[in-house]
$ cat final.cif   # mmCIF, C-alpha atoms
data_coords
#
loop_
_atom_site.label_atom_id
_atom_site.label_comp_id
_atom_site.auth_asym_id
_atom_site.auth_seq_id
_atom_site.Cartn_x
_atom_site.Cartn_y
_atom_site.Cartn_z
CA MET A 11 85.95 93.44 95.54
CA GLN A 12 85.61 95.63 92.49
CA LEU A 13 88.98 96.44 91.02
CA HIS A 14 88.19 100.03 90.10
CA SER A 15 87.12 100.68 93.70
CA VAL A 16 90.36 99.27 95.04
CA LEU A 17 92.37 101.40 92.66
CA GLU A 18 90.34 104.52 93.43
CA MET A 19 90.67 105.50 89.78
CA PRO A 20 87.77 106.49 87.57
CA VAL A 21 86.93 104.00 84.88
CA GLN A 22 87.96 105.67 81.65
CA PRO A 23 87.03 104.65 78.13
CA ILE A 24 90.66 104.82 77.01
CA SER A 25 92.02 102.06 74.84
CA ARG A 26 95.63 102.53 76.02
CA PRO A 27 96.01 103.54 79.65
CA GLY A 28 99.17 105.26 80.83
CA ALA A 29 102.11 103.43 82.34
CA TYR A 30 101.01 104.04 85.94
CA GLU A 31 97.49 102.79 85.30
CA GLN A 32 98.88 99.66 83.63
CA TYR A 33 101.27 99.05 86.51
CA ARG A 34 98.59 99.61 89.16
CA GLY A 35 96.09 97.48 87.27
CA GLN A 36 98.61 94.65 87.00
CA GLN A 37 99.43 95.00 90.68
CA VAL A 38 95.76 94.54 91.57
CA LEU A 39 95.21 91.67 89.14
CA SER A 40 98.20 89.76 90.51
CA ALA A 41 97.48 90.47 94.19
CA SER A 42 96.31 87.81 96.60
CA PRO A 43 93.05 88.38 98.50
CA THR A 44 95.01 89.46 101.59
CA GLN A 45 97.14 91.86 99.55
CA LEU A 46 93.93 93.35 98.10
CA LEU A 47 92.57 93.74 101.62
CA LEU A 48 95.69 95.65 102.68
CA MET A 49 95.47 97.83 99.55
CA VAL A 50 91.90 98.77 100.42
CA TYR A 51 92.89 99.56 104.01
CA GLU A 52 95.68 101.76 102.67
CA GLN A 53 93.26 103.59 100.39
CA ALA A 54 90.85 104.12 103.26
CA VAL A 55 93.59 105.64 105.42
CA VAL A 56 94.97 107.80 102.61
CA GLN A 57 91.52 109.11 101.75
CA CYS A 58 90.79 109.89 105.41
CA GLU A 59 94.06 111.79 105.61
CA ALA A 60 93.06 113.68 102.44
CA GLN A 61 89.64 114.31 104.04
CA ASP A 62 87.91 112.84 101.01
CA ALA A 63 84.70 111.53 102.56
CA GLN A 64 83.38 109.95 99.37
CA ARG A 65 86.49 107.92 98.58
CA ALA A 66 87.15 106.99 102.21
CA SER A 67 83.56 105.79 102.54
CA ARG A 68 83.83 103.84 99.29
CA ALA A 69 86.96 102.05 100.55
CA ILE A 70 85.27 101.19 103.86
CA THR A 71 82.22 99.95 101.97
CA GLU A 72 84.56 97.61 100.06
CA LEU A 73 85.91 96.35 103.40
CA ILE A 74 82.35 95.71 104.58
CA GLY A 75 81.62 93.86 101.34
CA ALA A 76 84.62 91.60 101.92
CA LEU A 77 83.37 90.42 105.32
CA ASN A 78 82.47 86.76 105.67
CA PHE A 79 79.65 86.65 108.19
CA ASP A 80 79.82 82.85 108.21
CA ALA A 81 83.07 83.32 110.18
CA GLY A 82 81.04 84.27 113.24
CA GLU A 83 81.18 87.08 115.73
CA VAL A 84 84.52 88.44 114.52
CA ALA A 85 82.90 89.55 111.25
CA VAL A 86 80.19 91.35 113.20
CA ASP A 87 82.87 93.08 115.28
CA PHE A 88 84.66 94.26 112.13
CA PHE A 89 81.33 95.41 110.70
CA ARG A 90 80.72 97.51 113.81
CA LEU A 91 84.18 99.09 113.57
CA TYR A 92 83.67 99.89 109.88
CA GLU A 93 80.24 101.38 110.60
CA TYR A 94 81.77 103.51 113.33
CA CYS A 95 84.44 104.72 110.90
CA LEU A 96 81.73 105.62 108.38
CA TRP A 97 79.90 107.51 111.11
CA GLU A 98 83.07 109.40 112.05
CA ILE A 99 83.66 110.29 108.41
CA ARG A 100 80.11 111.61 108.09
CA LYS A 101 80.86 113.81 111.11
CA ARG A 102 84.11 114.86 109.35
CA HIS A 103 86.22 113.29 112.11
CA PHE A 104 88.70 111.89 109.62
CA ALA A 105 91.56 111.54 112.08
CA ASP A 106 89.54 109.22 114.32
CA ALA A 107 88.55 107.00 111.39
CA ALA A 108 92.11 106.99 110.00
CA HIS A 109 93.49 105.98 113.41
CA ILE A 110 91.16 102.98 113.66
CA LEU A 111 91.76 101.90 110.07
CA ARG A 112 95.53 102.25 110.43
CA ARG A 113 95.50 100.06 113.55
CA LEU A 114 93.36 97.44 111.82
CA LYS A 115 95.71 97.42 108.83
CA THR A 116 98.72 97.02 111.13
CA ALA A 117 97.00 94.16 112.96
CA TRP A 118 96.31 92.40 109.65
CA GLU A 119 99.93 92.89 108.55
CA GLU A 120 101.23 91.45 111.82
CA ALA A 121 98.83 88.50 111.66
CA LEU A 122 99.81 87.72 108.09
CA GLN A 123 103.51 88.03 108.86
CA GLY A 124 103.10 85.66 111.82
CA ARG A 125 101.37 83.19 109.51
CA GLN A 126 104.30 83.30 107.08
CA ASN A 127 106.92 82.64 109.78
#
$ encode --input "final.cif" --output "structure tokens"
Amino acid sequence: MQLHSVLEMPVQPISRPGAYEQYRGQQVLSASPTQLLLMVYEQAVVQCEAQDAQRASRAITELIGALNFDAGEVAVDFFRLYEYCLWEIRKRHFADAAHILRRLKTAWEEALQGRQN
């Protein structure tokens, strides 16, 4: 995943970023792959709620890029869901896409929590 895509911040040629940018950048750099995945899901949902088609689509594209198709049919199923969300966003049906993405994020959170227990 590209860090600037996960952060949803424009890449700026500033030598000293502000405190928030430093904090967010450090958060991303220190995140595990699963934490990054959840961050991207969160961005996708937030951007759907904001009805920002470009940023929501970019977040979903990052999710597609993170798929491991060697894992089998489950990756194909996720791909189909992500493609459907992109289609809904193109039709400006942001609520439908946000609903699906929110449920997927929740499922990942529950699966990861079950793995920790």
$ residues_around --input "final.cif" --residues "region 39-50 of chain A" --least-positions-apart "5" --cutoff "8 Å" --atoms "all atoms listed in the file" --output "ChimeraX atom specification"
/A:16,69-70,72-73,115,118-119
$ resolve_selection --input "final.cif" --expression "the PyMOL selection byres ((chain A and resi 89-95) around 8)" --output "PyMOL selection string"
chain A and resi 70+73-74+77+85-88+96-99+106-107+110-111
$ axis_aligned_box --input "final.cif" --around "region 58-71 of chain A" --padding-each-side "3 Å" --output "JSON"
{"center_x": 88.1, "center_y": 107.1, "center_z": 102.1, "size_x": 17.8, "size_y": 20.4, "size_z": 13.0}
$ atom_distance --input "final.cif" --atom1 "CA of Arg68 (chain A)" --atom2 "CA of Gln53 (chain A)"
9.5 Å
$ atom_distance --input "final.cif" --atom1 "CA of Gln61 (chain A)" --atom2 "CA of Gly75 (chain A)"
22.1 Å
$ closest_residue --input "final.cif" --among "A:Arg112, A:Gln123, A:Glu59, A:Tyr51" --to "Ala76 (chain A)" --atoms "all atoms listed in the file"
A:Tyr51
$ atom_distance --input "final.cif" --atom1 "CA of Ala117 (chain A)" --atom2 "CA of Cys58 (chain A)"
18.5 Å
